[in-house]
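So the structure is just underneath, and the comments pick up after that.
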Amino acid sequence: MLNNLQEIKNAYEERDLVALDALAIPTYRVINKREDFRSALMLSCNKIEHLAKIETVEADCIILNLEDGVSKEDKPFALVLCAIFLSRNKRCDKKLVVRVNALNEGGYEEITYLNQFMPDAIRVPKIQNAIEVKSVYELLNKDTGLHLSIETSGAWKNLSSLKIDKKVTTFYLGILDLFADMKLPQSLINVDNPTVLYILSHFLVTCKSIGIKPVSFVYQEFKNLNMFEKW
């Protein structure tokens with residue numbers, strides 16, 4: 001339980017980044033190395049009330065999100081809040097994965113900062129090729145895992161070569177961004193479309209062949225359970 005939660009809230013609401021950063025104390029964490037997670041919940045790191053529930057939510061894996069859904073103005077605060085809540089969860093039965101921003105949009109700097117707080121894994125979006133993966137690998141804390149979002153045409157073309165080390169364990173299929181980058185209409189994304197079936201099959205088989213955990217795309221129409229069952 002956080003005993004200074006109100007202090008954290010006050011610093012955030014007053015937009016006092018210096019005060020907030022003073023509450024982020026680097027600490028040793030016991031890295032959760034499990035790769036058998038099935039349920040993953042994404043939490044935006046600018047939502048303190050959500051971060052405070054890390055210990056109690058029912059999920060195998062929590063994605064601490066710094067990317068989509070966090071405004072440019074809020075990103076510096078979200079990064080520090082992410083660090084604070086990592087340091088408060090020194091041992092967690094849920095795998096804590098931080099989704100940073102694209103490498104050319106602050107991702108490298110975020111990884112450098114987060115190393116001292118020892119997330120279980122870093123998830124990198126908009127990856128293009130093995131050279132980029134290697135640059136992250138060389139920067140990353142030696143105990144932290146590396147996950148990749150497959151959402152660019154470059155990543156798709158280079159899919160089988162992106163596992164440069166055993167530290168690279170998990171790929172997430174970002175099908176909406178992938179289709180946009182390939183200039184394919186998103187109307188193709190339906191359960192009966194052969195293009196989608198090919199992409200899902202290729203993603204699964206390629207990941208399995210190189211010893212990577214494949215995570216499919218997020219189903220958006222959560223109220224349509226019948227369609228969810230078909231997927």
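Chain lettering (A, B, ...) mirrors the order of the structure tokens, residue numbering begins at 1 for each chain separately, and ligand numbering begins at 1 in order of display.
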
Item to check | Selection near His147 in chain A, 12 Å with only C-alpha atoms, sequence-local residues under 2 positions removed, as a PyMOL selection string | outcome: chain A and resi 35+63+96-100+119-127+133+136-137+140+144-145+149-150+162-173+212-215

Item to check | Glu110 in chain A environment, 9 Å, only C-alpha atoms, sequence neighbours closer than 3 positions dropped, as number ranges by chain | outcome: A: 79, 100-101, 106-107, 113-115

Could you save the residues just selected, with C-alpha atoms, as a compact mmCIF listing (two decimals), in the first residue's frame?
```txt
# COMPACT_ATOMS: atom_id res chain seq x y z
CA LEU A 79 7.35 8.58 -17.09
CA VAL A 100 7.83 3.33 -24.15
CA ASN A 101 7.45 5.79 -26.99
CA GLY A 106 11.92 9.81 -26.71
CA GLY A 107 12.05 6.03 -26.40
CA TYR A 113 15.79 6.62 -17.21
CA LEU A 114 13.78 3.48 -16.42
CA ASN A 115 16.82 1.20 -16.20
```

All residues 12 Å or closer to Arg88 in chain A, only C-alpha atoms, same chain fewer than 6 positions away omitted, as a short mmCIF file (atom, residue, chain, number, x, y, z; two decimals) with N, CA and C atoms, in the first residue's frame:
```cif
data_model
loop_
_atom_site.label_atom_id
_atom_site.label_comp_id
_atom_site.auth_asym_id
_atom_site.auth_seq_id
_atom_site.Cartn_x
_atom_site.Cartn_y
_atom_site.Cartn_z
N MET A 1 0.85 -1.19 0.00
CA MET A 1 0.00 0.00 0.00
C MET A 1 0.89 1.25 0.00
N LEU A 2 0.57 2.21 -0.83
CA LEU A 2 1.35 3.44 -0.89
C LEU A 2 0.99 4.34 0.28
N ASN A 3 1.99 4.70 1.08
CA ASN A 3 1.71 5.58 2.21
C ASN A 3 1.85 7.05 1.85
N ASN A 4 2.31 7.36 0.65
CA ASN A 4 2.43 8.75 0.23
C ASN A 4 1.65 9.02 -1.05
N LEU A 5 0.54 8.30 -1.22
CA LEU A 5 -0.25 8.44 -2.44
C LEU A 5 -0.76 9.87 -2.61
N LEU A 23 10.15 11.87 -5.63
CA LEU A 23 9.47 10.71 -5.04
C LEU A 23 9.82 9.41 -5.77
N ALA A 24 10.51 9.53 -6.89
CA ALA A 24 10.92 8.35 -7.67
C ALA A 24 12.30 7.91 -7.20
N ILE A 25 12.33 6.92 -6.35
CA ILE A 25 13.59 6.48 -5.73
C ILE A 25 14.03 5.16 -6.37
N PRO A 26 15.16 5.17 -7.08
CA PRO A 26 15.65 3.93 -7.70
C PRO A 26 15.80 2.82 -6.66
N THR A 27 15.42 1.63 -7.05
CA THR A 27 15.45 0.52 -6.11
C THR A 27 15.68 -0.80 -6.84
N TYR A 28 16.13 -1.79 -6.11
CA TYR A 28 16.27 -3.12 -6.69
C TYR A 28 14.91 -3.80 -6.72
N ARG A 29 14.54 -4.34 -7.87
CA ARG A 29 13.31 -5.10 -8.00
C ARG A 29 13.64 -6.55 -8.34
N VAL A 30 12.82 -7.45 -7.86
CA VAL A 30 12.93 -8.85 -8.26
C VAL A 30 12.23 -8.98 -9.61
N LEU A 51 -2.81 3.15 -11.55
CA LEU A 51 -1.51 2.63 -11.12
C LEU A 51 -1.55 2.13 -9.68
N ALA A 52 -2.37 2.78 -8.87
CA ALA A 52 -2.46 2.40 -7.46
C ALA A 52 -3.10 1.02 -7.27
N LYS A 53 -3.72 0.49 -8.32
CA LYS A 53 -4.40 -0.80 -8.23
C LYS A 53 -3.58 -1.95 -8.82
N ILE A 54 -2.31 -1.69 -9.11
CA ILE A 54 -1.47 -2.73 -9.71
C ILE A 54 -1.52 -4.03 -8.91
N GLU A 55 -1.45 -3.93 -7.61
CA GLU A 55 -1.40 -5.13 -6.76
C GLU A 55 -2.70 -5.92 -6.77
N LEU A 81 5.81 8.91 -12.96
CA LEU A 81 4.82 8.10 -12.25
C LEU A 81 5.07 6.62 -12.46
N CYS A 82 5.42 6.26 -13.67
CA CYS A 82 5.75 4.86 -13.97
C CYS A 82 6.90 4.39 -13.08
N PHE A 117 15.04 1.65 -12.41
CA PHE A 117 13.84 1.19 -11.70
C PHE A 117 13.48 -0.25 -12.05
N MET A 118 14.23 -0.86 -12.94
CA MET A 118 14.17 -2.30 -13.22
C MET A 118 12.79 -2.84 -13.57
N PRO A 119 12.17 -2.35 -14.66
CA PRO A 119 10.93 -2.99 -15.11
C PRO A 119 11.21 -4.43 -15.52
#
```

Item to check | Which of range 100-227 of chain A DSSP labels alpha helix (DSSP H), written as a PyMOL selection string | outcome: chain A and resi 107-114+130-139+153-157+175-181+194-209+225-227

Could those residues be written to a file, using N, CA and C atoms, as a tab-separated table (two decimals), in the first residue's frame?
```tsv
chain	number	residue	atom	x	y	z
A	107	GLY	N	11.95	7.39	-26.92
A	107	GLY	CA	12.05	6.03	-26.40
A	107	GLY	C	13.40	5.70	-25.79
A	108	TYR	N	14.48	6.11	-26.46
A	108	TYR	CA	15.82	5.83	-25.92
A	108	TYR	C	16.00	6.47	-24.55
A	109	GLU	N	15.58	7.73	-24.44
A	109	GLU	CA	15.74	8.46	-23.18
A	109	GLU	C	14.89	7.83	-22.07
A	110	GLU	N	13.69	7.38	-22.42
A	110	GLU	CA	12.83	6.73	-21.43
A	110	GLU	C	13.45	5.44	-20.92
A	111	ILE	N	14.01	4.65	-21.82
A	111	ILE	CA	14.64	3.39	-21.42
A	111	ILE	C	15.83	3.66	-20.49
A	112	THR	N	16.64	4.66	-20.84
A	112	THR	CA	17.79	5.02	-20.02
A	112	THR	C	17.36	5.40	-18.61
A	113	TYR	N	16.31	6.19	-18.52
A	113	TYR	CA	15.79	6.62	-17.21
A	113	TYR	C	15.22	5.44	-16.42
A	114	LEU	N	14.47	4.57	-17.11
A	114	LEU	CA	13.78	3.48	-16.42
A	114	LEU	C	14.70	2.35	-15.99
A	130	ALA	N	16.51	-5.22	-37.18
A	130	ALA	CA	17.36	-5.80	-36.15
A	130	ALA	C	18.40	-4.80	-35.63
A	131	ILE	N	18.78	-3.84	-36.45
A	131	ILE	CA	19.74	-2.83	-36.01
A	131	ILE	C	19.15	-2.01	-34.87
A	132	GLU	N	17.88	-1.63	-35.01
A	132	GLU	CA	17.22	-0.89	-33.94
A	132	GLU	C	17.08	-1.75	-32.68
A	133	VAL	N	16.74	-3.01	-32.88
A	133	VAL	CA	16.60	-3.91	-31.72
A	133	VAL	C	17.93	-4.01	-30.98
A	134	LYS	N	19.01	-4.13	-31.72
A	134	LYS	CA	20.33	-4.23	-31.09
A	134	LYS	C	20.67	-2.97	-30.31
A	135	SER	N	20.28	-1.81	-30.84
A	135	SER	CA	20.58	-0.56	-30.15
A	135	SER	C	19.85	-0.48	-28.81
A	136	VAL	N	18.64	-1.02	-28.75
A	136	VAL	CA	17.89	-1.06	-27.49
A	136	VAL	C	18.51	-2.10	-26.56
A	137	TYR	N	18.83	-3.25	-27.09
A	137	TYR	CA	19.43	-4.33	-26.31
A	137	TYR	C	20.70	-3.85	-25.59
A	138	GLU	N	21.52	-3.09	-26.30
A	138	GLU	CA	22.78	-2.62	-25.72
A	138	GLU	C	22.56	-1.57	-24.64
A	139	LEU	N	21.42	-0.91	-24.68
A	139	LEU	CA	21.09	0.14	-23.71
A	139	LEU	C	20.40	-0.40	-22.47
A	153	SER	N	5.78	-1.80	-41.65
A	153	SER	CA	6.11	-2.69	-42.77
A	153	SER	C	7.54	-3.20	-42.65
A	154	GLY	N	8.43	-2.37	-42.08
A	154	GLY	CA	9.81	-2.80	-41.88
A	154	GLY	C	9.90	-3.96	-40.91
A	155	ALA	N	9.20	-3.86	-39.79
A	155	ALA	CA	9.21	-4.95	-38.81
A	155	ALA	C	8.62	-6.22	-39.41
A	156	TRP	N	7.57	-6.06	-40.22
A	156	TRP	CA	6.93	-7.23	-40.83
A	156	TRP	C	7.89	-7.91	-41.79
A	157	LYS	N	8.58	-7.12	-42.59
A	157	LYS	CA	9.53	-7.67	-43.56
A	157	LYS	C	10.69	-8.37	-42.86
A	175	ILE	N	-2.07	-4.58	-35.45
A	175	ILE	CA	-2.59	-4.75	-36.80
A	175	ILE	C	-3.12	-3.45	-37.41
A	176	LEU	N	-3.67	-2.55	-36.60
A	176	LEU	CA	-4.19	-1.30	-37.15
A	176	LEU	C	-3.06	-0.44	-37.71
A	177	ASP	N	-2.00	-0.27	-36.92
A	177	ASP	CA	-0.86	0.52	-37.39
A	177	ASP	C	-0.14	-0.18	-38.53
A	178	LEU	N	-0.08	-1.51	-38.48
A	178	LEU	CA	0.58	-2.25	-39.56
A	178	LEU	C	-0.15	-2.05	-40.88
A	179	PHE	N	-1.46	-2.15	-40.85
A	179	PHE	CA	-2.24	-1.94	-42.07
A	179	PHE	C	-2.07	-0.50	-42.57
A	180	ALA	N	-2.06	0.45	-41.66
A	180	ALA	CA	-1.89	1.85	-42.05
A	180	ALA	C	-0.53	2.07	-42.70
A	181	ASP	N	0.51	1.46	-42.13
A	181	ASP	CA	1.86	1.63	-42.68
A	181	ASP	C	2.00	0.96	-44.03
A	194	PRO	N	-9.10	-13.14	-46.22
A	194	PRO	CA	-7.91	-13.99	-46.38
A	194	PRO	C	-6.60	-13.26	-46.08
A	195	THR	N	-6.56	-11.95	-46.33
A	195	THR	CA	-5.34	-11.20	-46.02
A	195	THR	C	-5.06	-11.22	-44.52
A	196	VAL	N	-6.11	-10.99	-43.74
A	196	VAL	CA	-5.96	-11.01	-42.28
A	196	VAL	C	-5.59	-12.41	-41.80
A	197	LEU	N	-6.23	-13.42	-42.35
A	197	LEU	CA	-5.92	-14.79	-41.96
A	197	LEU	C	-4.46	-15.13	-42.27
A	198	TYR	N	-3.98	-14.64	-43.41
A	198	TYR	CA	-2.58	-14.87	-43.77
A	198	TYR	C	-1.65	-14.18	-42.76
A	199	ILE	N	-1.95	-12.93	-42.44
A	199	ILE	CA	-1.11	-12.18	-41.51
A	199	ILE	C	-1.07	-12.85	-40.14
A	200	LEU	N	-2.22	-13.26	-39.64
A	200	LEU	CA	-2.27	-13.93	-38.35
A	200	LEU	C	-1.49	-15.25	-38.37
A	201	SER	N	-1.65	-16.01	-39.44
A	201	SER	CA	-0.96	-17.30	-39.55
A	201	SER	C	0.55	-17.10	-39.66
A	202	HIS	N	0.95	-16.16	-40.50
A	202	HIS	CA	2.38	-15.90	-40.69
A	202	HIS	C	3.01	-15.41	-39.39
A	203	PHE	N	2.31	-14.53	-38.70
A	203	PHE	CA	2.82	-14.00	-37.43
A	203	PHE	C	3.00	-15.13	-36.42
A	204	LEU	N	1.99	-15.98	-36.29
A	204	LEU	CA	2.05	-17.08	-35.34
A	204	LEU	C	3.18	-18.05	-35.66
A	205	VAL	N	3.23	-18.51	-36.91
A	205	VAL	CA	4.21	-19.53	-37.29
A	205	VAL	C	5.63	-18.99	-37.21
A	206	THR	N	5.83	-17.76	-37.66
A	206	THR	CA	7.18	-17.17	-37.60
A	206	THR	C	7.64	-17.01	-36.16
A	207	CYS	N	6.77	-16.50	-35.31
A	207	CYS	CA	7.13	-16.34	-33.90
A	207	CYS	C	7.48	-17.68	-33.27
A	208	LYS	N	6.66	-18.68	-33.51
A	208	LYS	CA	6.90	-20.00	-32.93
A	208	LYS	C	8.21	-20.60	-33.44
A	209	SER	N	8.53	-20.35	-34.70
A	209	SER	CA	9.73	-20.94	-35.29
A	209	SER	C	11.02	-20.34	-34.74
A	225	LEU	N	-19.46	-9.74	-28.11
A	225	LEU	CA	-18.82	-10.97	-27.66
A	225	LEU	C	-18.95	-12.10	-28.68
A	226	ASN	N	-20.01	-12.08	-29.47
A	226	ASN	CA	-20.16	-13.12	-30.50
A	226	ASN	C	-19.03	-13.05	-31.51
A	227	MET	N	-18.70	-11.84	-31.95
A	227	MET	CA	-17.60	-11.69	-32.89
A	227	MET	C	-16.26	-12.01	-32.23
```

Next on the checklist: Could you pull out the strand (DSSP E) residues of range 15-217 of chain A, going by DSSP on the backbone, and write them as a PyMOL selection string?
Outcome noted: chain A and resi 40-44+61-65+95-99+121-124+145-150+168-173+213-215

Item to check | Surrounding residues of Asp60 in chain A excluding itself and chain neighbours under 4 positions, 10 Å, only C-alpha atoms, as a PyMOL selection string | outcome: chain A and resi 34-41+93-96

Would you mind exporting C-alpha atoms of the selected residues as an mmCIF file, in the first residue's frame?
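Here's the written file result_10.cif:
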```cif
data_model
loop_
_atom_site.group_PDB
_atom_site.id
_atom_site.type_symbol
_atom_site.label_atom_id
_atom_site.label_comp_id
_atom_site.auth_asym_id
_atom_site.auth_seq_id
_atom_site.Cartn_x
_atom_site.Cartn_y
_atom_site.Cartn_z
ATOM 1 C CA ARG A 34 7.430 -15.445 -16.448
ATOM 2 C CA GLU A 35 6.544 -15.683 -20.131
ATOM 3 C CA ASP A 36 3.423 -17.813 -19.753
ATOM 4 C CA PHE A 37 1.107 -14.844 -19.195
ATOM 5 C CA ARG A 38 -2.260 -15.046 -20.931
ATOM 6 C CA SER A 39 -4.136 -11.970 -19.743
ATOM 7 C CA ALA A 40 -2.584 -8.529 -20.212
ATOM 8 C CA LEU A 41 -4.060 -5.260 -18.974
ATOM 9 C CA ASP A 93 3.230 -11.581 -9.212
ATOM 10 C CA LYS A 94 2.169 -9.730 -12.364
ATOM 11 C CA LYS A 95 4.688 -9.100 -15.108
ATOM 12 C CA LEU A 96 5.225 -5.324 -15.339
#
```

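Across the model, the gap from CA of Ala59 in chain A to CA of Lys75 in chain A is 24.6 Å.
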
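Among the candidates A:Cys92, A:Ile8, A:Ile48, A:Leu148, the one nearest to Asn32 in chain A when counting only C-alpha atoms is A:Cys92.
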
Checklist outcome for this item: What separates CA of Val70 in chain A and CA of Cys45 in chain A is a distance of 7.7 Å
